[in-house]
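Novice: Following this line is target_35.tsv, made up of TSV, C-alpha atoms and all ligand atoms:
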chain	number	residue	atom	x	y	z
A	468	MET	CA	113.37	52.48	111.60
A	469	ILE	CA	112.76	51.54	107.99
A	470	VAL	CA	109.66	52.14	105.89
A	471	ALA	CA	109.21	49.23	103.49
A	472	THR	CA	106.90	49.36	100.50
A	473	SER	CA	108.16	46.34	98.56
A	474	PRO	CA	108.55	42.63	99.41
A	475	GLU	CA	112.31	42.88	98.74
A	476	GLU	CA	112.63	45.54	101.44
A	477	TRP	CA	110.50	43.87	104.13
A	478	ASN	CA	111.78	40.34	103.44
A	479	ALA	CA	115.39	41.56	103.78
A	480	TRP	CA	114.56	42.94	107.24
A	481	LEU	CA	112.56	39.88	108.30
A	482	GLU	CA	115.57	37.63	107.58
A	483	ARG	CA	116.84	38.80	110.97
A	484	GLY	CA	114.29	36.58	112.71
A	485	ALA	CA	110.97	36.72	114.51
A	486	CYS	CA	109.01	39.90	115.18
A	487	VAL	CA	105.95	41.24	116.99
A	488	LEU	CA	103.37	42.41	114.45
A	489	VAL	CA	101.05	45.39	114.96
A	490	PRO	CA	98.50	45.37	112.11
A	491	THR	CA	96.85	48.75	111.43
A	492	MET	CA	94.98	50.56	108.69
A	493	GLY	CA	96.93	53.77	109.25
A	494	ALA	CA	95.54	57.20	110.26
A	495	LEU	CA	97.38	56.43	113.47
A	496	HIS	CA	96.79	58.20	116.80
A	497	ALA	CA	97.99	57.87	120.39
A	498	GLY	CA	95.98	54.64	120.78
A	499	HIS	CA	98.01	53.01	118.01
A	500	ALA	CA	101.23	54.47	119.44
A	501	ALA	CA	100.48	52.58	122.67
A	502	LEU	CA	100.02	49.33	120.68
A	503	VAL	CA	103.36	49.87	118.92
A	504	ARG	CA	105.08	50.67	122.23
A	505	LEU	CA	103.67	47.45	123.68
A	506	GLY	CA	104.85	45.50	120.61
A	507	ALA	CA	108.34	47.01	120.86
A	508	GLN	CA	108.54	46.22	124.57
A	509	LEU	CA	107.49	42.58	123.97
A	510	ALA	CA	110.02	42.22	121.14
A	511	ARG	CA	112.77	43.55	123.43
A	512	GLU	CA	111.77	41.34	126.38
A	513	ARG	CA	111.68	38.25	124.17
A	514	GLY	CA	114.84	39.09	122.24
A	515	LEU	CA	113.03	38.98	118.87
A	516	ALA	CA	115.63	40.14	116.37
A	517	ALA	CA	113.25	41.78	113.87
A	518	GLY	CA	111.66	43.90	116.62
A	519	CYS	CA	108.21	45.41	116.31
A	520	VAL	CA	106.80	45.58	112.78
A	521	ALA	CA	103.73	47.76	112.16
A	522	THR	CA	101.69	47.25	109.01
A	523	VAL	CA	99.70	50.05	107.38
A	524	PHE	CA	97.14	48.68	104.93
A	525	VAL	CA	93.61	49.93	104.32
A	526	ASN	CA	91.92	46.61	103.66
A	527	PRO	CA	89.14	46.92	101.07
A	528	THR	CA	87.52	43.57	101.94
A	529	GLN	CA	86.42	44.61	105.45
A	530	PHE	CA	84.49	47.75	104.46
A	531	ASN	CA	80.74	47.56	103.96
A	532	GLU	CA	80.59	50.81	101.99
A	533	LYS	CA	82.98	51.60	99.16
A	534	SER	CA	82.68	55.30	100.11
A	535	ASP	CA	83.96	54.55	103.66
A	536	PHE	CA	86.94	52.73	102.18
A	537	GLU	CA	87.63	55.65	99.88
A	538	ARG	CA	87.33	58.33	102.56
A	539	TYR	CA	89.52	56.42	105.04
A	540	PRO	CA	92.47	58.81	105.67
A	541	ARG	CA	95.81	57.85	104.08
A	542	THR	CA	98.59	59.51	106.08
A	543	LEU	CA	101.65	57.28	105.65
A	544	ASP	CA	104.32	59.91	106.42
A	545	ALA	CA	102.71	60.88	109.72
A	546	ASP	CA	102.02	57.20	110.52
A	547	ALA	CA	105.68	56.30	109.96
A	548	ALA	CA	106.82	59.18	112.22
A	549	LEU	CA	104.47	58.03	114.99
A	550	CYS	CA	105.70	54.42	114.70
A	551	ALA	CA	109.35	55.50	114.80
A	552	GLU	CA	108.68	57.54	117.93
A	553	ALA	CA	106.87	54.57	119.53
A	554	GLY	CA	109.80	52.20	118.92
A	555	ALA	CA	108.84	50.21	115.79
A	556	SER	CA	111.77	48.74	113.88
A	557	MET	CA	109.93	48.68	110.54
A	558	VAL	CA	106.71	50.03	109.07
A	559	VAL	CA	105.42	48.12	106.07
A	560	ALA	CA	102.95	49.68	103.67
A	561	PRO	CA	102.06	47.00	101.14
A	562	ALA	CA	100.16	47.86	97.95
A	563	PRO	CA	96.80	46.12	97.37
A	564	GLY	CA	98.49	43.85	94.79
A	565	HIS	CA	101.00	42.62	97.41
A	566	VAL	CA	98.23	41.54	99.79
A	567	TYR	CA	95.82	40.34	97.10
A	568	PRO	CA	98.06	39.33	94.18
A	569	PRO	CA	96.18	39.44	90.86
A	570	GLY	CA	95.34	35.92	89.75
A	571	ARG	CA	95.68	34.44	93.23
A	572	VAL	CA	92.63	33.85	95.40
A	573	VAL	CA	93.55	34.80	98.98
A	574	PRO	CA	91.48	32.42	101.11
A	575	THR	CA	89.10	33.63	103.77
A	576	PRO	CA	89.55	31.25	106.71
A	577	ALA	CA	86.40	29.55	107.99
A	578	LEU	CA	84.94	32.02	110.47
A	579	PRO	CA	85.57	30.82	114.02
A	580	ARG	CA	82.48	29.68	115.95
A	581	VAL	CA	83.41	31.92	118.86
A	582	ALA	CA	82.42	35.60	118.77
A	583	THR	CA	81.52	35.88	115.07
A	584	ALA	CA	77.71	35.84	115.33
A	585	PRO	CA	76.45	37.30	118.62
A	586	GLY	CA	74.47	40.01	116.79
A	587	LEU	CA	76.83	42.93	117.48
A	588	GLU	CA	79.33	44.23	114.86
A	589	ASP	CA	78.61	41.07	112.85
A	590	ALA	CA	74.94	42.11	112.52
A	591	HIS	CA	75.65	45.79	111.81
A	592	ARG	CA	78.51	45.17	109.38
A	593	PRO	CA	77.73	41.96	107.48
A	594	GLY	CA	80.87	40.44	105.96
A	595	HIS	CA	83.19	42.66	108.00
A	596	PHE	CA	84.77	39.86	110.04
A	597	ALA	CA	85.23	37.68	106.97
A	598	GLY	CA	87.32	40.55	105.54
A	599	VAL	CA	89.22	41.01	108.82
A	600	CYS	CA	90.00	37.27	109.05
A	601	GLN	CA	91.07	37.21	105.41
A	602	VAL	CA	93.51	40.11	105.74
A	603	VAL	CA	94.86	39.17	109.18
A	604	SER	CA	95.59	35.57	108.11
A	605	ARG	CA	97.26	36.94	104.95
A	606	LEU	CA	99.35	39.41	106.99
A	607	PHE	CA	100.40	36.52	109.27
A	608	GLU	CA	101.54	34.69	106.13
A	609	MET	CA	103.42	37.69	104.69
A	610	PHE	CA	105.01	38.79	107.98
A	611	PRO	CA	105.81	35.75	110.13
A	612	CYS	CA	105.56	36.79	113.77
A	613	ALA	CA	105.76	35.30	117.25
A	614	ALA	CA	103.07	37.64	118.62
A	615	ALA	CA	100.60	40.18	117.28
A	616	VAL	CA	99.02	43.12	119.11
A	617	PHE	CA	95.33	44.08	118.67
A	618	GLY	CA	93.52	46.88	120.50
A	619	GLU	CA	90.84	46.14	123.10
A	620	LYS	CA	88.78	48.99	121.68
A	621	ASP	CA	87.60	46.67	118.91
A	622	TRP	CA	86.74	44.01	121.49
A	623	GLN	CA	84.75	41.74	119.18
A	624	GLN	CA	87.53	41.87	116.56
A	625	LEU	CA	90.06	40.92	119.26
A	626	GLN	CA	87.99	37.85	120.23
A	627	VAL	CA	87.41	36.85	116.59
A	628	VAL	CA	91.14	37.15	115.75
A	629	ARG	CA	92.04	35.14	118.85
A	630	ALA	CA	89.59	32.37	117.92
A	631	MET	CA	90.72	32.38	114.26
A	632	THR	CA	94.40	32.13	115.26
A	633	HIS	CA	93.54	29.22	117.53
A	634	ASP	CA	91.52	27.48	114.77
A	635	LEU	CA	94.37	27.98	112.26
A	636	LYS	CA	96.75	26.43	114.84
A	637	ALA	CA	99.07	29.36	114.13
A	638	GLU	CA	101.73	29.64	116.81
A	639	ILE	CA	101.14	33.34	117.28
A	640	GLU	CA	100.31	34.89	120.63
A	641	ILE	CA	97.49	37.43	120.35
A	642	VAL	CA	98.29	40.24	122.78
A	643	PRO	CA	95.57	42.75	123.77
A	644	GLY	CA	96.41	46.45	124.00
A	645	ALA	CA	94.42	48.66	126.40
A	646	THR	CA	92.16	51.40	125.00
A	647	ILE	CA	93.67	54.89	125.17
A	648	ARG	CA	91.26	57.74	125.93
A	649	GLU	CA	91.09	61.48	125.45
A	650	ALA	CA	91.21	63.54	128.67
A	651	ASP	CA	87.38	63.54	128.81
A	652	GLY	CA	87.15	59.75	128.44
A	653	LEU	CA	86.30	59.43	124.73
A	654	ALA	CA	88.13	56.40	123.32
A	655	MET	CA	90.68	57.41	120.70
A	656	SER	CA	89.64	56.53	117.17
A	657	SER	CA	90.56	57.52	113.63
A	658	ARG	CA	86.88	58.46	113.25
A	659	ASN	CA	86.93	61.11	116.00
A	660	ARG	CA	88.33	63.60	113.48
A	661	PHE	CA	84.93	63.53	111.69
A	662	LEU	CA	82.99	64.72	114.81
A	663	SER	CA	81.58	68.26	115.03
A	664	ASP	CA	82.05	70.05	118.38
A	665	ALA	CA	78.49	69.16	119.45
A	666	GLU	CA	78.90	65.50	118.42
A	667	ARG	CA	82.25	65.38	120.18
A	668	ALA	CA	80.60	66.64	123.39
A	669	ALA	CA	77.76	64.08	123.07
A	670	GLY	CA	80.34	61.32	122.56
A	671	ARG	CA	81.46	61.72	126.18
A	672	ALA	CA	78.25	60.01	127.23
A	673	ILE	CA	79.69	56.69	126.06
A	674	ARG	CA	82.31	56.60	128.82
A	675	ALA	CA	79.66	57.80	131.29
A	676	ALA	CA	77.31	54.98	130.19
A	677	LEU	CA	80.04	52.36	130.68
A	678	ASP	CA	80.75	53.76	134.15
A	679	ALA	CA	77.03	53.63	135.01
A	680	ALA	CA	76.87	50.00	133.83
A	681	ARG	CA	79.79	49.00	136.03
A	682	ALA	CA	77.86	50.15	139.09
A	683	GLU	CA	75.01	47.66	138.36
A	684	ARG	CA	75.10	44.00	139.35
A	685	ASP	CA	72.41	42.75	136.98
A	686	PRO	CA	73.11	42.66	133.20
A	687	HIS	CA	69.60	43.85	132.28
A	688	ALA	CA	69.78	46.75	134.73
A	689	ALA	CA	73.23	47.64	133.34
A	690	GLU	CA	71.90	47.63	129.77
A	691	ALA	CA	68.95	49.85	130.76
A	692	ARG	CA	71.30	52.32	132.49
A	693	MET	CA	73.56	52.53	129.44
A	694	ALA	CA	70.61	53.08	127.08
A	695	GLY	CA	69.28	55.89	129.29
A	696	VAL	CA	72.60	57.75	129.47
A	697	LEU	CA	73.21	57.44	125.71
A	698	ARG	CA	69.68	58.54	124.72
A	699	ASP	CA	69.80	61.52	127.09
A	700	ALA	CA	72.94	62.69	125.28
A	701	GLY	CA	71.17	62.42	121.91
A	702	LEU	CA	73.20	59.48	120.63
A	703	GLU	CA	71.60	56.88	118.39
A	704	ILE	CA	72.26	53.42	119.81
A	705	ASP	CA	73.28	50.48	117.62
A	706	TYR	CA	73.74	48.34	120.74
A	707	ALA	CA	74.50	48.82	124.43
A	708	VAL	CA	74.82	45.36	125.95
A	709	VAL	CA	76.51	43.26	128.61
A	710	ARG	CA	77.90	40.00	127.20
A	711	ASP	CA	80.27	37.14	127.97
A	712	ALA	CA	83.70	38.73	127.48
A	713	GLU	CA	85.04	35.90	125.30
A	714	THR	CA	82.10	34.45	123.35
A	715	LEU	CA	80.03	37.68	123.34
A	716	GLU	CA	76.91	35.57	123.86
A	717	ARG	CA	74.43	36.57	126.56
A	718	LEU	CA	76.02	36.48	129.98
A	719	ASP	CA	74.69	34.00	132.46
A	720	PRO	CA	75.21	35.89	135.75
A	721	GLY	CA	75.50	32.60	137.70
A	722	SER	CA	78.24	31.22	135.41
A	723	GLY	CA	81.15	33.01	137.06
A	724	ARG	CA	82.42	34.03	133.61
A	725	SER	CA	83.83	37.51	132.91
A	726	GLY	CA	81.48	40.08	131.44
A	727	ARG	CA	82.04	42.96	129.07
A	728	ALA	CA	79.85	46.00	128.51
A	729	LEU	CA	79.89	46.98	124.82
A	730	ILE	CA	78.47	50.08	123.15
A	731	THR	CA	78.20	51.24	119.59
A	732	ALA	CA	76.35	54.51	119.15
A	733	ARG	CA	76.16	57.15	116.45
A	734	ALA	CA	76.92	60.82	116.91
A	735	GLY	CA	75.57	62.24	113.65
A	736	SER	CA	77.03	60.02	110.95
A	737	VAL	CA	80.02	58.89	113.04
A	738	ARG	CA	79.85	55.42	114.62
A	739	LEU	CA	81.61	55.33	117.99
A	740	LEU	CA	82.61	52.03	119.64
A	741	ASP	CA	83.72	51.43	123.18
A	742	ASN	CA	83.66	48.73	125.85
A	743	ASP	CA	84.81	47.98	129.36
A	744	ALA	CA	85.06	45.15	131.85
A	745	TRP	CA	81.76	44.46	133.62
A	746	PRO	CA	80.99	44.72	136.51
A	747	ALA	CA	83.61	46.92	138.18
B	801	LIG	O1	91.72	47.08	113.56
B	801	LIG	C1	92.12	47.39	112.41
B	801	LIG	O2	92.67	48.47	112.17
B	801	LIG	C2	91.89	46.43	111.25
B	801	LIG	O3	90.66	45.78	111.37
B	801	LIG	C3	93.02	45.40	111.08
B	801	LIG	C4	93.12	44.47	112.26
B	801	LIG	C5	94.34	46.13	110.88
B	801	LIG	C6	92.77	44.54	109.83
B	801	LIG	O4	92.70	45.32	108.67
Would you mind writing the structure in this file as structure tokens?
Ligand code: PAF
Specialist:
Amino acid sequence: MIVATSPEEWNAWLERGACVLVPTMGALHAGHAALVRLGAQLARERGLAAGCVATVFVNPTQFNEKSDFERYPRTLDADAALCAEAGASMVVAPAPGHVYPPGRVVPTPALPRVATAPGLEDAHRPGHFAGVCQVVSRLFEMFPCAAAVFGEKDWQQLQVVRAMTHDLKAEIEIVPGATIREADGLAMSSRNRFLSDAERAAGRAIRAALDAARAERDPHAAEARMAGVLRDAGLEIDYAVVRDAETLERLDPGSGRSGRALITARAGSVRLLDNDAWPA
């Protein structure tokens, strides 16, 4: 596996042909390893000569707080080792000036109508999805790919990226990667490293709340169950809702459409996100 930090290096590799892209911001954990493994498997199955390419780029335009951007862990050596182990053919770590060249305005695609304004992450992190769409469309331009893998853990992001790719008429398949969990059910996240022992223990309530929701047949009852479980554990709820899995608008139970239970809750200063299919 090669680690490329300059356009000359990554373009030379990409001359081999199409790839599967796994965009990340680094600080990689077992959840990302599963996304890279999935990307490598797809590239093998489809005979894509450039294999699975993982990008590591901490994108400044999707952070609401400059301090969050600054404290985001930068661990390229460990990230590259994890990607090699998971079967990536290349890790690219572009500098900010490669992604946002000085003097060139990198366009932010028109935000898709689907999934960008249901009052979830969009409401809690204004401007976040504009930054995600900007960087993802730019990465698609820099690293032409046949498919790209995004984790289900960031469910709203997955739906936004899918809708954006469709709107851009980009011939890129967006492939979802399942959420990987710790043994006690907590979804893996780069933010888990900031949890104290007590916060870490409280965080388990998120999986328990999703399980409780899956046992309910009515969206309102499911939301009430989730809120109860989360509050009892001392978590501060940003939202705990049941929504249409694709549009993230309110779910009409008679519509026959798939539902998704989505939670964002704070343990101390750490925001934890999770979601699951609803109902069971
Ligand atoms: O999910 C992430 O890590 C980021 O939002 C992404 C998709 C790599 C864009 O910076």
Novice: Which one of A:Phe524, A:Phe536, A:Phe661, A:Tyr706 sits closest to ligand LIG 801 (chain B) if you count all atoms listed in the file?
Specialist: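 That would be A:Phe524, the residue with the smallest distance to ligand LIG 801 (chain B).
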Novice: Under the rule that only C-alpha atoms and all ligand atoms are counted, which of A:Pro643, A:Gly618, A:Pro720, A:Gly594 is the nearest residue to ligand LIG 801 (chain B)?
Specialist: A:Gly618
Novice: Rank nothing, just name the residue among A:Lys620, A:Arg698, A:Arg571, A:Arg667 nearest to ligand LIG 801 (chain B), using all atoms listed in the file.
Specialist: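 For ligand LIG 801 (chain B), the nearest of the candidates is A:Lys620.
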Novice: Within 6 Å of ligand LIG 801 (chain B), counting only C-alpha atoms and all ligand atoms: which residues, as a list of chain:residue names?
Specialist: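 For ligand LIG 801 (chain B), the residues inside 6 Å are A:Pro490, A:Thr491, A:Met492, A:Asn526, A:Val599, A:Val603.
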Novice: Using Å and a single decimal, report how far atom CA of Thr714 of chain A sits from atom CA of Val581 of chain A.
Specialist: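 Separating atom CA of Val581 of chain A from atom CA of Thr714 of chain A is a distance of 5.3 Å.
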Novice: Of the residues A:Gln623, A:Gln508, A:Ser473, A:Thr632, which is the one nearest to Ser556 of chain A, using all atoms listed in the file?
Specialist: A:Gln508
Novice: One number please: atom CA of Trp480 of chain A to atom CA of Ser604 of chain A, in Å, one decimal.
Specialist: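 Here the two named atoms are 20.4 Å from each other.
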Novice: Show which residues sit within 12 Å of Ala744 of chain A, as a ChimeraX atom specification. Count all atoms listed in the file, and ignore same-chain residues fewer than 2 positions away.
Specialist: /A:619-620,622,645-646,677-678,680-682,708-713,724-730,741-742,746-747
Novice: Show which residues sit within 12 Å of segment 498-503 of chain A, as a ChimeraX atom specification. Count all atoms listed in the file, and ignore same-chain residues fewer than 4 positions away.
Specialist: /A:487-494,507-510,518-523,545-558,615-621,642-649,653-657
Novice: Have a look at atom CA of Leu481 of chain A and atom CA of Phe607 of chain A and let me know their distance in Å, one decimal.
Specialist: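 Going from atom CA of Leu481 of chain A over to atom CA of Phe607 of chain A covers 12.7 Å.
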Novice: Output requested as an mmCIF file, in the frame of the given file - segment 491-515 of chain A, filled out with N, CA and C atoms.
Specialist:
data_model
loop_
_atom_site.group_PDB
_atom_site.id
_atom_site.type_symbol
_atom_site.label_atom_id
_atom_site.label_comp_id
_atom_site.auth_asym_id
_atom_site.auth_seq_id
_atom_site.Cartn_x
_atom_site.Cartn_y
_atom_site.Cartn_z
ATOM 1 N N THR A 491 97.681 47.547 111.361
ATOM 2 C CA THR A 491 96.850 48.750 111.430
ATOM 3 C C THR A 491 96.364 49.104 110.021
ATOM 4 N N MET A 492 95.407 50.020 109.984
ATOM 5 C CA MET A 492 94.980 50.560 108.690
ATOM 6 C C MET A 492 95.485 51.992 108.517
ATOM 7 N N GLY A 493 96.410 52.414 109.372
ATOM 8 C CA GLY A 493 96.930 53.770 109.250
ATOM 9 C C GLY A 493 96.021 54.787 109.909
ATOM 10 N N ALA A 494 96.230 56.084 109.579
ATOM 11 C CA ALA A 494 95.540 57.200 110.260
ATOM 12 C C ALA A 494 95.776 57.045 111.766
ATOM 13 N N LEU A 495 97.027 56.841 112.109
ATOM 14 C CA LEU A 495 97.380 56.430 113.470
ATOM 15 C C LEU A 495 97.286 57.577 114.468
ATOM 16 N N HIS A 496 96.921 57.219 115.706
ATOM 17 C CA HIS A 496 96.790 58.200 116.800
ATOM 18 C C HIS A 496 97.455 57.601 118.038
ATOM 19 N N ALA A 497 97.296 58.298 119.163
ATOM 20 C CA ALA A 497 97.990 57.870 120.390
ATOM 21 C C ALA A 497 97.610 56.448 120.807
ATOM 22 N N GLY A 498 96.389 56.024 120.458
ATOM 23 C CA GLY A 498 95.980 54.640 120.780
ATOM 24 C C GLY A 498 96.861 53.632 120.048
ATOM 25 N N HIS A 499 97.121 53.907 118.769
ATOM 26 C CA HIS A 499 98.010 53.010 118.010
ATOM 27 C C HIS A 499 99.441 53.095 118.547
ATOM 28 N N ALA A 500 99.858 54.311 118.920
ATOM 29 C CA ALA A 500 101.230 54.470 119.440
ATOM 30 C C ALA A 500 101.426 53.554 120.650
ATOM 31 N N ALA A 501 100.386 53.447 121.482
ATOM 32 C CA ALA A 501 100.480 52.580 122.670
ATOM 33 C C ALA A 501 100.602 51.108 122.240
ATOM 34 N N LEU A 502 99.913 50.723 121.164
ATOM 35 C CA LEU A 502 100.020 49.330 120.680
ATOM 36 C C LEU A 502 101.435 49.061 120.165
ATOM 37 N N VAL A 503 102.002 50.044 119.455
ATOM 38 C CA VAL A 503 103.360 49.870 118.920
ATOM 39 C C VAL A 503 104.370 49.818 120.069
ATOM 40 N N ARG A 504 104.158 50.683 121.073
ATOM 41 C CA ARG A 504 105.080 50.670 122.230
ATOM 42 C C ARG A 504 105.037 49.310 122.931
ATOM 43 N N LEU A 505 103.816 48.766 123.067
ATOM 44 C CA LEU A 505 103.670 47.450 123.680
ATOM 45 C C LEU A 505 104.373 46.382 122.834
ATOM 46 N N GLY A 506 104.192 46.464 121.508
ATOM 47 C CA GLY A 506 104.850 45.500 120.610
ATOM 48 C C GLY A 506 106.362 45.592 120.720
ATOM 49 N N ALA A 507 106.887 46.819 120.787
ATOM 50 C CA ALA A 507 108.340 47.010 120.860
ATOM 51 C C ALA A 507 108.884 46.477 122.188
ATOM 52 N N GLN A 508 108.121 46.713 123.245
ATOM 53 C CA GLN A 508 108.540 46.220 124.570
ATOM 54 C C GLN A 508 108.580 44.681 124.585
ATOM 55 N N LEU A 509 107.536 44.049 124.011
ATOM 56 C CA LEU A 509 107.490 42.580 123.970
ATOM 57 C C LEU A 509 108.663 42.032 123.156
ATOM 58 N N ALA A 510 108.934 42.690 122.007
ATOM 59 C CA ALA A 510 110.020 42.220 121.140
ATOM 60 C C ALA A 510 111.361 42.302 121.884
ATOM 61 N N ARG A 511 111.525 43.389 122.656
ATOM 62 C CA ARG A 511 112.770 43.550 123.430
ATOM 63 C C ARG A 511 112.870 42.465 124.490
ATOM 64 N N GLU A 512 111.768 42.310 125.276
ATOM 65 C CA GLU A 512 111.770 41.340 126.380
ATOM 66 C C GLU A 512 112.059 39.934 125.886
ATOM 67 N N ARG A 513 111.537 39.619 124.678
ATOM 68 C CA ARG A 513 111.680 38.250 124.170
ATOM 69 C C ARG A 513 112.889 38.082 123.263
ATOM 70 N N GLY A 514 113.635 39.165 123.075
ATOM 71 C CA GLY A 514 114.840 39.090 122.240
ATOM 72 C C GLY A 514 114.522 38.746 120.792
ATOM 73 N N LEU A 515 113.408 39.279 120.263
ATOM 74 C CA LEU A 515 113.030 38.980 118.870
ATOM 75 C C LEU A 515 113.793 39.935 117.947
#
